[in-house]
file query_14.csv (CSV, C-alpha atoms)
chain,number,residue,atom,x,y,z
A,246,MET,CA,19.1,14.4,-41.9
A,247,LEU,CA,19.4,10.7,-41.4
A,248,SER,CA,22.3,8.7,-42.9
A,249,GLY,CA,21.7,5.5,-45.0
A,250,GLU,CA,22.9,3.5,-42.1
A,251,GLU,CA,20.4,5.2,-39.8
A,252,LEU,CA,17.6,4.7,-42.2
A,253,GLN,CA,18.4,1.0,-42.1
A,254,ARG,CA,19.0,0.7,-38.4
A,255,TYR,CA,15.8,2.4,-37.4
A,256,GLY,CA,13.8,1.2,-40.5
A,257,ARG,CA,11.3,-0.8,-38.5
A,258,GLN,CA,10.2,2.2,-36.5
A,259,ILE,CA,10.5,4.7,-39.3
A,260,ILE,CA,7.9,2.8,-41.2
A,261,TYR,CA,5.5,3.3,-38.4
A,262,PRO,CA,2.7,5.7,-39.6
A,263,GLY,CA,2.9,9.0,-37.9
A,264,PHE,CA,6.6,8.6,-36.9
A,265,GLY,CA,8.6,8.3,-40.1
A,266,GLU,CA,11.9,9.9,-40.9
A,267,ILE,CA,10.8,13.1,-39.4
A,268,GLY,CA,10.1,11.4,-36.1
A,269,GLN,CA,13.4,9.7,-36.1
A,270,ASP,CA,15.2,12.9,-36.9
A,271,LYS,CA,13.5,14.6,-33.9
A,272,LEU,CA,14.5,11.6,-31.7
A,273,LYS,CA,18.1,12.0,-33.0
A,274,ALA,CA,18.1,15.7,-32.1
A,275,SER,CA,16.6,15.1,-28.6
A,276,TYR,CA,18.1,15.4,-25.2
A,277,VAL,CA,16.7,13.0,-22.7
A,278,LEU,CA,17.6,12.9,-19.0
A,279,VAL,CA,17.2,9.7,-17.0
A,280,VAL,CA,17.4,10.3,-13.3
A,281,GLY,CA,18.3,7.1,-11.5
A,282,VAL,CA,20.1,4.2,-13.1
A,283,GLY,CA,18.4,1.3,-11.3
A,284,GLY,CA,15.6,-1.0,-12.4
A,285,LEU,CA,13.6,1.8,-14.1
A,286,GLY,CA,16.6,3.8,-15.3
A,287,CYS,CA,18.5,0.8,-16.8
A,288,ALA,CA,15.6,-0.4,-18.9
A,289,ALA,CA,14.6,3.2,-19.9
A,290,SER,CA,18.1,4.2,-21.0
A,291,MET,CA,18.5,0.9,-22.9
A,292,TYR,CA,15.3,1.4,-24.9
A,293,LEU,CA,16.1,5.1,-25.5
A,294,THR,CA,19.5,4.0,-26.8
A,295,TYR,CA,18.1,1.3,-29.0
A,296,ALA,CA,15.5,3.7,-30.4
A,297,GLY,CA,18.2,6.3,-31.3
A,298,ALA,CA,17.4,9.1,-28.9
A,299,GLY,CA,20.4,11.3,-29.8
A,300,HIS,CA,21.7,12.6,-26.4
A,301,ILE,CA,21.0,10.6,-23.2
A,302,THR,CA,22.3,11.8,-19.8
A,303,ILE,CA,22.1,9.3,-16.9
A,304,VAL,CA,22.3,10.5,-13.3
A,305,ASP,CA,22.9,8.5,-10.2
A,306,ASP,CA,25.1,8.7,-7.1
A,307,ASP,CA,25.0,5.0,-6.2
A,308,SER,CA,27.4,2.2,-6.9
A,309,VAL,CA,26.5,-1.2,-8.2
A,310,ASP,CA,25.7,-3.7,-5.5
A,311,LEU,CA,25.1,-7.5,-5.8
A,312,SER,CA,21.5,-7.0,-4.7
A,313,ASN,CA,20.9,-4.9,-7.8
A,314,LEU,CA,21.6,-7.7,-10.2
A,315,ASN,CA,18.2,-9.3,-10.2
A,316,ARG,CA,16.8,-6.4,-12.2
A,317,GLN,CA,19.3,-3.7,-13.2
A,318,MET,CA,20.2,-5.0,-16.6
A,319,LEU,CA,23.1,-2.7,-17.5
A,320,HIS,CA,25.0,-3.7,-14.4
A,321,TRP,CA,26.8,-7.0,-14.5
A,322,GLU,CA,28.8,-9.1,-12.1
A,323,GLY,CA,32.1,-7.4,-13.0
A,324,ASP,CA,30.6,-4.0,-12.3
A,325,ILE,CA,30.0,-4.4,-8.5
A,326,GLY,CA,31.4,-1.3,-6.8
A,327,LYS,CA,31.4,0.9,-9.9
A,328,LYS,CA,29.4,4.0,-10.1
A,329,LYS,CA,26.1,3.2,-11.8
A,330,PRO,CA,26.2,5.9,-14.5
A,331,ILE,CA,29.7,4.7,-15.5
A,332,SER,CA,28.7,1.1,-15.5
A,333,ALA,CA,25.6,1.8,-17.6
A,334,ALA,CA,27.3,4.2,-20.0
A,335,ASN,CA,29.9,1.6,-21.0
A,336,LYS,CA,27.1,-0.8,-22.1
A,337,LEU,CA,24.9,1.8,-23.7
A,338,ARG,CA,27.8,3.0,-25.9
A,339,LYS,CA,28.3,-0.6,-27.1
A,340,ILE,CA,24.6,-0.9,-27.9
A,341,ASN,CA,24.5,2.2,-30.1
A,342,SER,CA,27.7,4.1,-30.7
A,343,SER,CA,25.9,7.0,-32.4
A,344,VAL,CA,24.1,8.0,-29.3
A,345,ARG,CA,25.9,10.5,-27.1
A,346,ILE,CA,25.8,9.1,-23.5
A,347,THR,CA,26.7,11.4,-20.7
A,348,PRO,CA,27.1,9.8,-17.2
A,349,VAL,CA,26.6,12.1,-14.2
A,350,CYS,CA,27.6,10.6,-10.8
A,351,LYS,CA,25.7,13.0,-8.6
A,352,LYS,CA,22.8,12.9,-6.2
A,353,ILE,CA,19.9,15.2,-7.2
A,354,THR,CA,19.5,17.9,-4.6
A,355,GLU,CA,17.6,21.2,-4.3
A,356,ASP,CA,20.9,22.9,-5.0
A,357,ASN,CA,21.9,21.2,-8.2
A,358,VAL,CA,18.7,20.0,-9.8
A,359,ASP,CA,18.1,23.2,-11.9
A,360,VAL,CA,21.5,23.0,-13.4
A,361,ILE,CA,21.3,19.2,-14.0
A,362,ILE,CA,18.0,19.3,-15.9
A,363,LYS,CA,18.5,22.5,-17.8
A,364,GLY,CA,18.1,22.2,-21.6
A,365,PHE,CA,16.5,18.7,-21.7
A,366,ASP,CA,13.5,17.9,-23.8
A,367,VAL,CA,12.2,15.2,-21.5
A,368,VAL,CA,13.1,13.9,-18.0
A,369,ILE,CA,12.5,10.3,-17.1
A,370,ASP,CA,11.9,9.3,-13.5
A,371,GLY,CA,14.1,6.4,-12.5
A,372,LEU,CA,14.2,7.3,-8.8
A,373,ASP,CA,13.6,5.1,-5.9
A,374,ASN,CA,12.0,7.6,-3.4
A,375,PHE,CA,9.4,10.3,-3.4
A,376,LYS,CA,11.5,12.8,-1.6
A,377,THR,CA,13.9,13.2,-4.5
A,378,ARG,CA,11.0,12.9,-7.0
A,379,PHE,CA,9.4,15.9,-5.4
A,380,VAL,CA,12.6,17.9,-5.9
A,381,LEU,CA,12.8,16.8,-9.5
A,382,ASN,CA,9.1,17.4,-10.1
A,383,ALA,CA,9.3,21.0,-8.9
A,384,ALA,CA,12.4,21.7,-11.0
A,385,CYS,CA,10.6,20.2,-14.1
A,386,VAL,CA,7.6,22.5,-13.4
A,387,ARG,CA,9.9,25.5,-13.0
A,388,GLN,CA,11.7,24.8,-16.3
A,389,LYS,CA,8.5,23.5,-18.1
A,390,ILE,CA,10.1,20.2,-19.0
A,391,PRO,CA,7.8,17.1,-19.4
A,392,PHE,CA,8.5,14.7,-16.6
A,393,ILE,CA,7.6,11.0,-17.1
A,394,HIS,CA,7.0,9.6,-13.6
A,395,ALA,CA,7.0,5.9,-12.7
A,396,GLY,CA,7.4,3.9,-9.6
A,397,VAL,CA,7.2,0.2,-8.6
A,398,ASN,CA,6.7,-2.0,-5.7
A,399,GLY,CA,6.8,-5.8,-6.1
A,400,LEU,CA,4.6,-6.6,-9.0
A,401,LEU,CA,2.8,-3.2,-8.8
A,402,GLY,CA,3.7,-0.2,-10.8
A,403,GLN,CA,2.4,3.3,-11.7
A,404,ILE,CA,3.1,5.8,-14.5
A,405,THR,CA,1.9,9.2,-15.5
A,406,THR,CA,3.3,11.9,-17.8
A,407,ILE,CA,3.5,15.3,-16.3
A,408,VAL,CA,3.4,18.3,-18.7
A,409,PRO,CA,4.0,21.5,-16.7
A,410,GLY,CA,1.3,24.1,-17.3
A,411,LYS,CA,-1.0,21.5,-18.7
A,412,THR,CA,-1.4,18.5,-16.3
A,413,PRO,CA,-1.4,18.0,-12.6
A,414,CYS,CA,2.2,17.7,-11.2
A,415,LEU,CA,3.4,15.2,-8.6
A,416,ALA,CA,2.7,17.6,-5.8
A,417,CYS,CA,-1.0,17.9,-7.0
A,418,ILE,CA,-1.3,14.2,-6.9
A,419,TYR,CA,0.3,13.8,-3.5
A,420,SER,CA,0.1,16.8,-1.3
A,421,THR,CA,3.0,15.5,0.7
A,422,PRO,CA,5.7,13.1,-0.4
A,423,PRO,CA,4.6,9.5,0.3
A,424,VAL,CA,6.9,7.6,2.7
A,425,SER,CA,9.5,5.5,0.8
A,426,GLU,CA,10.7,2.3,2.3
A,427,GLU,CA,14.4,1.6,2.6
A,428,THR,CA,14.1,-1.7,0.8
A,429,VAL,CA,11.2,-2.1,-1.6
A,430,PRO,CA,10.4,-5.6,-2.9
A,431,VAL,CA,10.8,-5.8,-6.7
A,432,PHE,CA,11.1,-8.3,-9.5
A,433,GLY,CA,13.1,-7.1,-12.5
A,434,VAL,CA,10.1,-7.4,-14.8
A,435,THR,CA,8.0,-4.7,-13.1
A,436,PRO,CA,10.4,-1.8,-13.6
A,437,ALA,CA,11.2,-3.1,-17.1
A,438,LEU,CA,7.5,-2.9,-17.9
A,439,MET,CA,7.1,0.6,-16.5
A,440,ALA,CA,10.3,1.8,-18.1
A,441,SER,CA,9.1,0.5,-21.5
A,442,LEU,CA,6.0,2.6,-21.1
A,443,GLN,CA,8.1,5.6,-20.0
A,444,VAL,CA,10.1,5.4,-23.2
A,445,MET,CA,7.0,4.9,-25.3
A,446,GLU,CA,5.7,8.1,-23.7
A,447,ALA,CA,9.0,9.9,-24.4
A,448,ILE,CA,9.1,8.8,-28.0
A,449,LYS,CA,5.6,10.1,-28.6
A,450,LEU,CA,6.3,13.4,-26.8
A,451,ILE,CA,9.5,14.0,-28.7
A,452,ALA,CA,8.2,12.9,-32.2
A,453,GLY,CA,4.8,14.5,-31.6
A,454,PHE,CA,2.3,11.7,-32.3
A,455,GLY,CA,-0.2,9.6,-30.5
A,456,GLU,CA,-1.5,10.2,-27.0
A,457,THR,CA,0.3,10.1,-23.7
A,458,PHE,CA,-0.8,9.4,-20.1
A,459,GLN,CA,-1.3,13.1,-19.5
A,460,GLY,CA,-3.6,13.9,-16.5
A,461,ARG,CA,-4.1,10.3,-15.6
A,462,MET,CA,-2.1,7.6,-13.8
A,463,LEU,CA,-1.9,4.1,-15.0
A,464,TYR,CA,-1.6,1.4,-12.3
A,465,PHE,CA,-0.4,-2.1,-13.1
A,466,ASN,CA,-1.0,-5.0,-10.8
A,467,GLY,CA,1.2,-7.9,-12.0
A,468,GLU,CA,-0.2,-10.3,-9.4
A,469,SER,CA,-3.6,-10.2,-10.9
A,470,MET,CA,-2.6,-8.9,-14.3
A,471,GLU,CA,-4.8,-5.9,-14.2
A,472,PHE,CA,-4.3,-2.4,-15.6
A,473,ALA,CA,-6.3,0.4,-14.0
A,474,TYR,CA,-6.5,4.1,-14.5
A,475,GLU,CA,-7.1,7.1,-12.3
A,476,ASP,CA,-7.9,10.6,-13.6
A,477,LEU,CA,-5.7,13.1,-11.9
A,478,THR,CA,-6.9,16.6,-11.0
A,479,LYS,CA,-4.8,19.7,-10.7
A,480,ASN,CA,-4.7,21.2,-7.2
A,481,PRO,CA,-5.5,24.9,-7.7
A,482,LYS,CA,-3.6,25.6,-4.5
A,483,CYS,CA,-0.6,23.4,-5.4
A,484,SER,CA,2.5,24.8,-3.8
A,485,VAL,CA,4.5,23.7,-6.9
A,486,CYS,CA,2.4,24.4,-10.0
A,487,GLY,CA,-0.5,26.5,-8.6
A,488,PRO,CA,-1.2,30.0,-10.1
A,489,GLY,CA,1.8,32.3,-9.9
A,490,ARG,CA,4.1,29.4,-8.9
A,491,LEU,CA,5.5,28.6,-12.3
A,492,ASN,CA,9.1,29.8,-12.4
A,493,ALA,CA,8.8,31.0,-8.8
A,494,LYS,CA,12.2,29.8,-7.6
A,495,GLU,CA,11.7,31.3,-4.2
A,496,HIS,CA,9.0,28.7,-3.5
A,497,ARG,CA,11.2,25.8,-3.9
A,498,LYS,CA,12.3,25.4,-0.3
B,293,MET,CA,-17.8,5.0,15.2
B,294,SER,CA,-18.4,5.9,11.6
B,295,VAL,CA,-15.5,7.0,9.4
B,296,LYS,CA,-15.7,7.9,5.7
B,297,MET,CA,-13.3,6.1,3.4
B,298,LEU,CA,-12.6,7.9,0.1
B,299,ILE,CA,-11.9,5.2,-2.4
B,300,PRO,CA,-9.5,5.9,-5.3
B,301,GLN,CA,-11.1,5.9,-8.7
B,302,LEU,CA,-9.1,2.9,-9.9
B,303,LEU,CA,-10.6,0.8,-7.0
B,304,HIS,CA,-14.2,1.9,-7.4
B,305,LYS,CA,-15.1,-1.1,-9.4
B,306,TYR,CA,-14.0,-3.4,-6.6
B,307,ALA,CA,-16.1,-1.4,-4.0
B,308,ASP,CA,-19.5,-1.6,-5.7
B,309,ASN,CA,-18.7,1.5,-7.7
B,310,GLN,CA,-18.7,3.7,-4.6
B,311,GLU,CA,-16.5,6.7,-4.1
B,312,VAL,CA,-17.2,7.0,-0.4
B,313,VAL,CA,-17.8,4.1,2.0
B,314,GLU,CA,-18.6,4.4,5.7
B,315,VAL,CA,-16.8,2.0,7.9
B,316,ASP,CA,-16.2,1.4,11.6
B,317,GLY,CA,-12.9,1.5,13.3
B,318,THR,CA,-10.7,3.3,15.9
B,319,THR,CA,-7.5,3.4,13.9
B,320,VAL,CA,-6.8,3.9,10.2
B,321,ASN,CA,-5.7,0.3,10.0
B,322,ASP,CA,-9.1,-0.9,11.5
B,323,CYS,CA,-10.9,1.1,8.9
B,324,ILE,CA,-9.0,-0.2,6.0
B,325,ASP,CA,-9.5,-3.8,7.3
B,326,SER,CA,-13.2,-3.1,7.7
B,327,LEU,CA,-13.3,-1.8,4.1
B,328,ARG,CA,-11.4,-4.9,2.9
B,329,ASN,CA,-13.7,-7.2,4.8
B,330,ARG,CA,-16.7,-5.7,3.0
B,331,TYR,CA,-15.0,-5.7,-0.4
B,332,PRO,CA,-12.5,-8.6,-0.4
B,333,GLU,CA,-11.4,-7.8,-4.0
B,334,LEU,CA,-9.5,-4.7,-2.7
B,335,GLU,CA,-7.1,-7.0,-0.9
B,336,ARG,CA,-4.9,-7.6,-3.9
B,337,TRP,CA,-4.3,-3.8,-4.4
B,338,LEU,CA,-4.1,-2.7,-0.8
B,339,TYR,CA,-2.5,-5.7,1.1
B,340,ARG,CA,0.7,-7.7,1.1
B,341,SER,CA,0.9,-10.9,3.1
B,342,GLY,CA,-2.3,-10.0,5.0
B,343,LYS,CA,-1.2,-6.5,6.0
B,344,VAL,CA,-2.0,-3.1,4.6
B,345,ALA,CA,0.8,-2.6,2.1
B,346,THR,CA,3.5,0.1,2.9
B,347,TYR,CA,2.8,1.8,-0.5
B,348,VAL,CA,-0.7,2.7,0.6
B,349,HIS,CA,-0.5,6.5,1.1
B,350,ILE,CA,-3.0,7.7,3.8
B,351,GLY,CA,-4.5,11.1,4.6
B,352,VAL,CA,-6.9,11.8,7.4
B,353,ASN,CA,-9.0,15.0,7.0
B,354,LYS,CA,-6.6,16.1,4.2
B,355,LYS,CA,-3.5,15.7,6.4
B,356,LYS,CA,-0.8,13.1,6.1
B,357,ALA,CA,-1.4,10.2,8.5
B,358,SER,CA,-0.1,6.7,9.2
B,359,ILE,CA,-1.7,3.4,9.6
B,360,ASP,CA,-1.7,3.4,13.4
B,361,ASP,CA,-3.2,6.8,13.8
B,362,ARG,CA,-6.5,6.9,15.7
B,363,VAL,CA,-9.6,8.2,14.0
B,364,ALA,CA,-12.7,9.8,15.4
B,365,ASP,CA,-16.3,9.8,14.4
B,366,GLY,CA,-16.8,11.8,11.2
B,367,ASP,CA,-13.2,11.7,10.1
B,368,GLU,CA,-12.4,11.2,6.5
B,369,ILE,CA,-9.7,8.8,5.3
B,370,ARG,CA,-8.2,9.1,1.9
B,371,ILE,CA,-6.2,6.2,0.5
B,372,MET,CA,-3.9,6.4,-2.5
B,373,LEU,CA,-1.4,4.0,-4.0
B,374,ALA,CA,2.1,5.3,-4.1
B,375,THR,CA,4.6,2.8,-5.4
B,376,GLY,CA,7.9,4.5,-5.0
B,377,GLY,CA,10.6,2.0,-5.8
B,378,GLY,CA,12.8,2.3,-8.9

call {"tool": "encode", "arguments": {"input": "query_14.csv", "output": "structure tokens"}}
result
Amino acid sequence: MLSGEELQRYGRQIIYPGFGEIGQDKLKASYVLVVGVGGLGCAASMYLTYAGAGHITIVDDDSVDLSNLNRQMLHWEGDIGKKKPISAANKLRKINSSVRITPVCKKITEDNVDVIIKGFDVVIDGLDNFKTRFVLNAACVRQKIPFIHAGVNGLLGQITTIVPGKTPCLACIYSTPPVSEETVPVFGVTPALMASLQVMEAIKLIAGFGETFQGRMLYFNGESMEFAYEDLTKNPKCSVCGPGRLNAKEHRK
Amino acid sequence: MSVKMLIPQLLHKYADNQEVVEVDGTTVNDCIDSLRNRYPELERWLYRSGKVATYVHIGVNKKKASIDDRVADGDEIRIMLATGGG
């Protein structure tokens, strides 16, 4: 049930047809995990917090650096040196005190990923490398948790929503993890745009309305202002989500 | 030396709606350059500052490859975008 204050606070989204009080209630009851609190993760966790997603956990092992401040909106000048989840949680709680924010200062590894993602309704990809994304993708497939992938480079971005058992997973799309550069060029606006789309996907998945980018990748090219799509196909021999691989923990290494 | 380039769906419209284009080249880089020379509109998706962008993910004959790898007659190069920053 929503309080009178909540009805007022979220009124402009509650009046959206197909969402309504029921949608807001589902959002309030939801558990969302944002992995990575950088350009994507800051913007994603902000919009989730504003929208009233009830329980948001933010995971990152990094500390705030001056070079993050061109894009990572939740980290300010006074936060340099602080752990990113702590820095971000302080601001998110001020944005919306009714949302339960849980900062986790850990690096996602093969050994801890299953414990970290357990029980979440949706996982949002705010990572900066494909190696860790593959670890997270495999765990989401094992636990059948929707995984909203995004990545950026300069003014280029990509996003797809992976629903285990239904859509291709990240390992179907790329048979091996693509090489990730140490330092990727990026303007703040690119991850902000992709993160807005990730939260839009999360809201629809949680509230159960609209259509999501399932089974297709959206690419955005900000230099030429073009959006392009690619249909994704499941790899029947996928080592992560192929037949018999769901829940097969022994295949994770 | 003829090498098949498999064009990602999102770029078909910039490559005369083709899925496969035969190009000449002795390295992956040569082949992508040759593709770009034929279809200059691909440049804004595949290149940065005149060079093949680092986010272009390459496979040769279904195996992971890199830009400087040599290719042989009949090889198949698949290119995909993989923007991995966050």

call {"tool": "closest_residue", "arguments": {"input": "query_14.csv", "among": "A:Gly364, A:Gly281, A:Gly263, A:Gly453", "to": "chain B", "atoms": "only C-alpha atoms"}}
result
A:Gly281

call {"tool": "residues_around", "arguments": {"input": "query_14.csv", "residues": "region 473-485 of chain A", "least_positions_apart": "2", "cutoff": "8 Å", "atoms": "only C-alpha atoms", "output": "VMD selection string"}}
result
(chain A and resid 383 386 412 to 414 416 to 418 420 460 to 465 471 487 to 488 490 to 491 496 to 497) or (chain B and resid 300 to 302)

call {"tool": "interface_residues", "arguments": {"input": "query_14.csv", "of": "chain A", "to": "chain B", "cutoff": "7 Å", "atoms": "all atoms listed in the file", "output": "list in words"}}
result
Gly283, Gly284, Leu285, Gly371, Leu372, Asp373, Asn374, Phe375, Gly396, Val397, Asn398, Gly402, Gln403, Pro423, Ser425, Val429, Pro436, Ala473, Tyr474 and Glu475 of chain A

call {"tool": "residues_around", "arguments": {"input": "query_14.csv", "residues": "Ser343 (chain A)", "least_positions_apart": "5", "cutoff": "12 Å", "atoms": "all atoms listed in the file", "output": "ChimeraX atom specification"}}
result
/A:247-248,250-251,254,273-274,294-301,337-338

call {"tool": "residues_around", "arguments": {"input": "query_14.csv", "residues": "region 326-330 of chain B", "least_positions_apart": "6", "cutoff": "9 Å", "atoms": "all atoms listed in the file", "output": "ChimeraX atom specification"}}
result
/B:297,307,313-317,338

call {"tool": "build_atoms", "arguments": {"input": "query_14.csv", "residues": "region 330-347 of chain B", "atoms": "N, CA, C and O atoms", "output": "compact mmCIF listing (two decimals), in the coordinates of the input"}}
result
# COMPACT_ATOMS: atom_id res chain seq x y z
N ARG B 330 -15.43 -5.87 3.77
CA ARG B 330 -16.70 -5.70 3.00
C ARG B 330 -16.45 -5.93 1.53
O ARG B 330 -17.32 -6.46 0.85
N TYR B 331 -15.28 -5.53 1.03
CA TYR B 331 -15.00 -5.70 -0.40
C TYR B 331 -13.66 -6.44 -0.56
O TYR B 331 -12.61 -5.83 -0.76
N PRO B 332 -13.71 -7.77 -0.46
CA PRO B 332 -12.50 -8.60 -0.40
C PRO B 332 -11.60 -8.40 -1.68
O PRO B 332 -10.39 -8.62 -1.61
N GLU B 333 -12.18 -7.97 -2.78
CA GLU B 333 -11.40 -7.80 -4.00
C GLU B 333 -10.32 -6.69 -3.84
O GLU B 333 -9.38 -6.61 -4.62
N LEU B 334 -10.52 -5.82 -2.87
CA LEU B 334 -9.50 -4.70 -2.70
C LEU B 334 -8.23 -5.27 -2.10
O LEU B 334 -7.20 -4.61 -2.20
N GLU B 335 -8.29 -6.48 -1.55
CA GLU B 335 -7.10 -7.00 -0.90
C GLU B 335 -5.88 -7.04 -1.82
O GLU B 335 -4.77 -6.69 -1.41
N ARG B 336 -6.09 -7.43 -3.06
CA ARG B 336 -4.90 -7.60 -3.90
C ARG B 336 -4.28 -6.26 -4.34
O ARG B 336 -3.17 -6.23 -4.84
N TRP B 337 -4.96 -5.15 -4.12
CA TRP B 337 -4.30 -3.80 -4.40
C TRP B 337 -3.78 -3.21 -3.12
O TRP B 337 -2.81 -2.46 -3.18
N LEU B 338 -4.42 -3.47 -1.99
CA LEU B 338 -4.10 -2.70 -0.80
C LEU B 338 -3.29 -3.52 0.25
O LEU B 338 -2.78 -2.94 1.22
N TYR B 339 -3.18 -4.83 0.06
CA TYR B 339 -2.50 -5.70 1.10
C TYR B 339 -1.36 -6.45 0.50
O TYR B 339 -1.39 -6.81 -0.67
N ARG B 340 -0.39 -6.72 1.38
CA ARG B 340 0.70 -7.70 1.10
C ARG B 340 0.84 -8.56 2.26
O ARG B 340 1.01 -8.07 3.38
N SER B 341 0.75 -9.87 2.01
CA SER B 341 0.90 -10.90 3.10
C SER B 341 -0.07 -10.57 4.24
O SER B 341 0.32 -10.63 5.41
N GLY B 342 -1.29 -10.20 3.92
CA GLY B 342 -2.30 -10.00 5.00
C GLY B 342 -2.25 -8.69 5.69
O GLY B 342 -3.08 -8.42 6.55
N LYS B 343 -1.27 -7.85 5.36
CA LYS B 343 -1.20 -6.50 6.00
C LYS B 343 -1.36 -5.43 5.02
O LYS B 343 -1.00 -5.60 3.85
N VAL B 344 -1.86 -4.28 5.51
CA VAL B 344 -2.00 -3.10 4.60
C VAL B 344 -0.60 -2.80 4.07
O VAL B 344 0.37 -2.68 4.83
N ALA B 345 -0.49 -2.72 2.75
CA ALA B 345 0.80 -2.60 2.10
C ALA B 345 1.43 -1.20 2.46
O ALA B 345 0.71 -0.22 2.67
N THR B 346 2.76 -1.18 2.49
CA THR B 346 3.50 0.10 2.90
C THR B 346 3.31 1.14 1.78
O THR B 346 3.56 2.31 2.05
N TYR B 347 2.95 0.74 0.56
CA TYR B 347 2.80 1.80 -0.50
C TYR B 347 1.41 2.41 -0.49
O TYR B 347 1.12 3.23 -1.35
